[in-house]
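Q: The structure's right below; bear with me while I get my questions together.
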Amino acid sequence: MAKLNRPVPFLQALLLCQQWTLFSEMSPFNFKLQYEIELIDGQVVPLRDVDRESAGKWEPAFFYNEPKTELNLYADPAAQRRYLEYLVRTNGIYASWIQRRTIFMRYQNVLTREQSATEGRHYGSDTIFVLDTY
Amino acid sequence: MAPTRFLFSILTKTTLRQLDKFFFGPDKTMWDLVRIGSGLTILLSLGLLGVSGNYERYYGHYGMLPRPEAIDVVHWPAFLFLMKSDPEWIWRIYWATVAAALCLTFGLWTRVAAIATFFLYVATIQRNLMSYNGEAGVLGFTLAALIFAPTPQRFSLDHLLLKKPLPEVTESWAARFLQLNICLMYFFTTAGKLTAQWDIGRGEIWYNITLCDWFRFPDAEWLRTRWMCWLIVNGSLLLEGSFAILVWTRLRLLLVLAMMSIHVVIIVLFGNALFFFNVATIAALCGFLKTIDFKWPKKLGDLMPK
């Protein structure tokens with residue numbers, strides 16, 4: 001059984017290695033990853049994705065894959081850092097200006113059916129988790 | 001010969017004959033639908049990526065995964081993107097992929113088009129795995145099957161324009177590869193759900209799903225009533241779980257149409273992120289349809305499974 005579970009790089013490279021159990025795991029859907037930098041003068045700047053913003057009302061169609069990309073980023077801390085650097089470049093900020101980078105996640109809590117009936121709403125307060133700071 | 005040995009010999013011969021028929025018997029699969037559906041899925045997603053600038057954002061030399069860093073982390077098919085330092089190089093790959101997918105969709109030089117589309121699509125996804133979505137997994141094995149599918153196909157330019165005759169002898173193994181992959185997909189998805197948080201009893205997981213930000217109708221309370229949760233969770237688990245077995249019986253057509261309907265419902269209920277996965281899966285499910293399935297029934301009784 002252990003042999004069956006070994007990675008097969010050739011099949012992985014050709015996208016022929018199935019990983020369907022991924023679909024059955026409940027993903028933390030209600031979250032947004034946010035990226036922020038602190039400049040050397042102490043100013044805190046939230047980073048924006050200018051490509052997505054420039055799409056305007058067409059963003060849900062043009063960037064249809066973005067919710068899944070967020071899930072992929074959530075699962076890969078190295079990719080989160082690379083994406084932050086991409087945002088730094090596209091926001092026109094020089095790396096030498098930056099004192100601290102922070103990646104955090106804003107999670108919208110969903111109440112259970114019983115809690116929801118008591119409180120009269122479905123969503124609880126947001127929780128913020130710092131995923132990475134360096 | 002001893003009776004047990006004789007019985008074993010008969011059993012072995014029968015099994016081998018059945019296996020031979022299963023993998024190498026004549027192929028009546030509706031490959032046209034698989035080909036056109038998969039081709040359109042790739043073309044439409046490429047169109048959106050190209051128009052929005054998202055293609056450059058994912059796969060560009062200065063995108064989310066810059067070229068110098070990509071060299072150390074990508075799988076080998078992605079080196080197609082990295083082999084030239086010219087930032088415009090990725091757009092040549094883009095147009096080559098569009099051309100290959102167009103040829104595949106219209107069935108022009110079908111086999112070569114399938115090989116080119118498969119490799120270019122795999123290279124694209126591997127260039128930045130942050131762009132990986134469910135459809136990439138489905139299209140991976142569907143395009144691989146299309147490479148080996150019988151050609152030319154009925155509704156293809158190869159046949160209609162270039163007048164290439166339809167193959168007289170066909171074998172089913174390419175279709176079986178596609179079909180077995182789909183069965184594995186549903187089987188493992190169900191097994192995963194049963195062992196994870198998809199409780200079979202109350203189905204409250206559906207309650208949470210209707211409140212997630214991927215769901216289009218969070219205000220529709222009736223979609224999360226207790227009976228609806230129970231019905232949707234247990235119904236979908238039953239259908240997905242039994243598919244891998246029952247699709248080989250006379251219920252095949254009904255089951256395939258039911259699964260296609262489920263994927264259409266998912267497209268309607270959930271956000272755009274799931275659109276291409278479901279379209280790609282519907283195209284792959286066409287691999288279970290046979291050319292004889294949609295002949296006009298002579299009488300109503302012919303519609304029922306025999």
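Naming scheme: A, B, ... for chains in displayed order of the structure tokens; residues 1 onward per chain; ligands 1 onward as shown.
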Within 8 Å of chain B, which residues of chain A show up when using only C-alpha atoms, listed as a ChimeraX atom specification?

A: /A:13-16,18,20-26,29-30,51,55,60-69,72-73,79,82-83,86,110,112-113,122

Q: Write out as a PyMOL selection string each polymer residue whose atoms come within 8 Å of segment 40-48 of chain A, counting only C-alpha atoms; drop sequence neighbours fewer than 2 positions from it.

A: chain A and resi 34-38+50+53+87-88+91+97-99

Q: Env of Arg67 of chain B: 12 Å cut, atoms = only C-alpha atoms, seq-sep filter 4 positions within chain, self excluded. Answer as a list in words.

A: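 Surrounding residues, per the criterion: Arg82 of chain A; Glu56, Arg57, Tyr58, Tyr59, Gly60, His61, Tyr62, Gly63, Ile71, Asp72, Val73, Val74, Ala78, Phe79, Leu80, Phe81, Leu82, Met83, Lys84, Ser85, Asp86, Pro87, Trp89, Ile90, Arg127 and Asn128 of chain B.
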
Q: At what distance in Å, to one decimal, does atom CA of Ile103 of chain A lie from atom CA of Gln80 of chain A?

A: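 Atom-to-atom, atom CA of Gln80 of chain A to atom CA of Ile103 of chain A, that is 7.7 Å.
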
Q: Just to confirm, what's the straight-line distance from atom CA of Leu223 of chain B to atom CA of Phe270 of chain B in Å (one decimal)?

A: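 Atom-to-atom, atom CA of Leu223 of chain B to atom CA of Phe270 of chain B, that is 12.7 Å.
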
Q: Please report, as a VMD selection string, each residue of segment 40-130 of chain A to which DSSP assigns alpha helix (DSSP H) when run on this structure's backbone.

A: chain A and resid 50 to 54 59 to 62 66 to 74 77 to 90 113 to 119

Q: I'd like the contact shell of Ile147 of chain B - 9 Å cut-off, only C-alpha atoms, skipping same-chain residues fewer than 5 positions apart - returned as a PyMOL selection string.

A: chain B and resi 110-115+118+142+174

Q: Neighbours of Thr29 of chain B within 9 Å (only C-alpha atoms; same-chain residues fewer than 2 positions away dropped), as an NGL selection string?

A: :B and (27 or 31-32 or 172 or 175 or 286-291)

Q: Can you write out the residues you just picked, keeping C-alpha atoms, as a PDB file, in the first residue's frame?

A:
ATOM      1  CA  ASP B  27     -15.552   1.456 -30.046  1.00  0.00           C
ATOM      2  CA  TRP B  31     -15.794  11.032 -29.291  1.00  0.00           C
ATOM      3  CA  ASP B  32     -17.092  14.049 -31.225  1.00  0.00           C
ATOM      4  CA  SER B 172     -12.223   0.593 -27.035  1.00  0.00           C
ATOM      5  CA  ALA B 175     -12.515   5.063 -24.208  1.00  0.00           C
ATOM      6  CA  CYS B 286     -19.801  12.149 -22.965  1.00  0.00           C
ATOM      7  CA  GLY B 287     -17.152   9.429 -23.179  1.00  0.00           C
ATOM      8  CA  PHE B 288     -19.801   7.088 -21.740  1.00  0.00           C
ATOM      9  CA  LEU B 289     -22.299   7.903 -24.493  1.00  0.00           C
ATOM     10  CA  LYS B 290     -22.518   5.669 -27.533  1.00  0.00           C
ATOM     11  CA  THR B 291     -23.428   6.652 -31.063  1.00  0.00           C
TER      12      THR B 291
END

Q: Measure the distance from atom CA of Leu11 of chain B to atom CA of Trp248 of chain B in Å and round it to one decimal.

A: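 Going from atom CA of Leu11 of chain B over to atom CA of Trp248 of chain B covers 20.4 Å.
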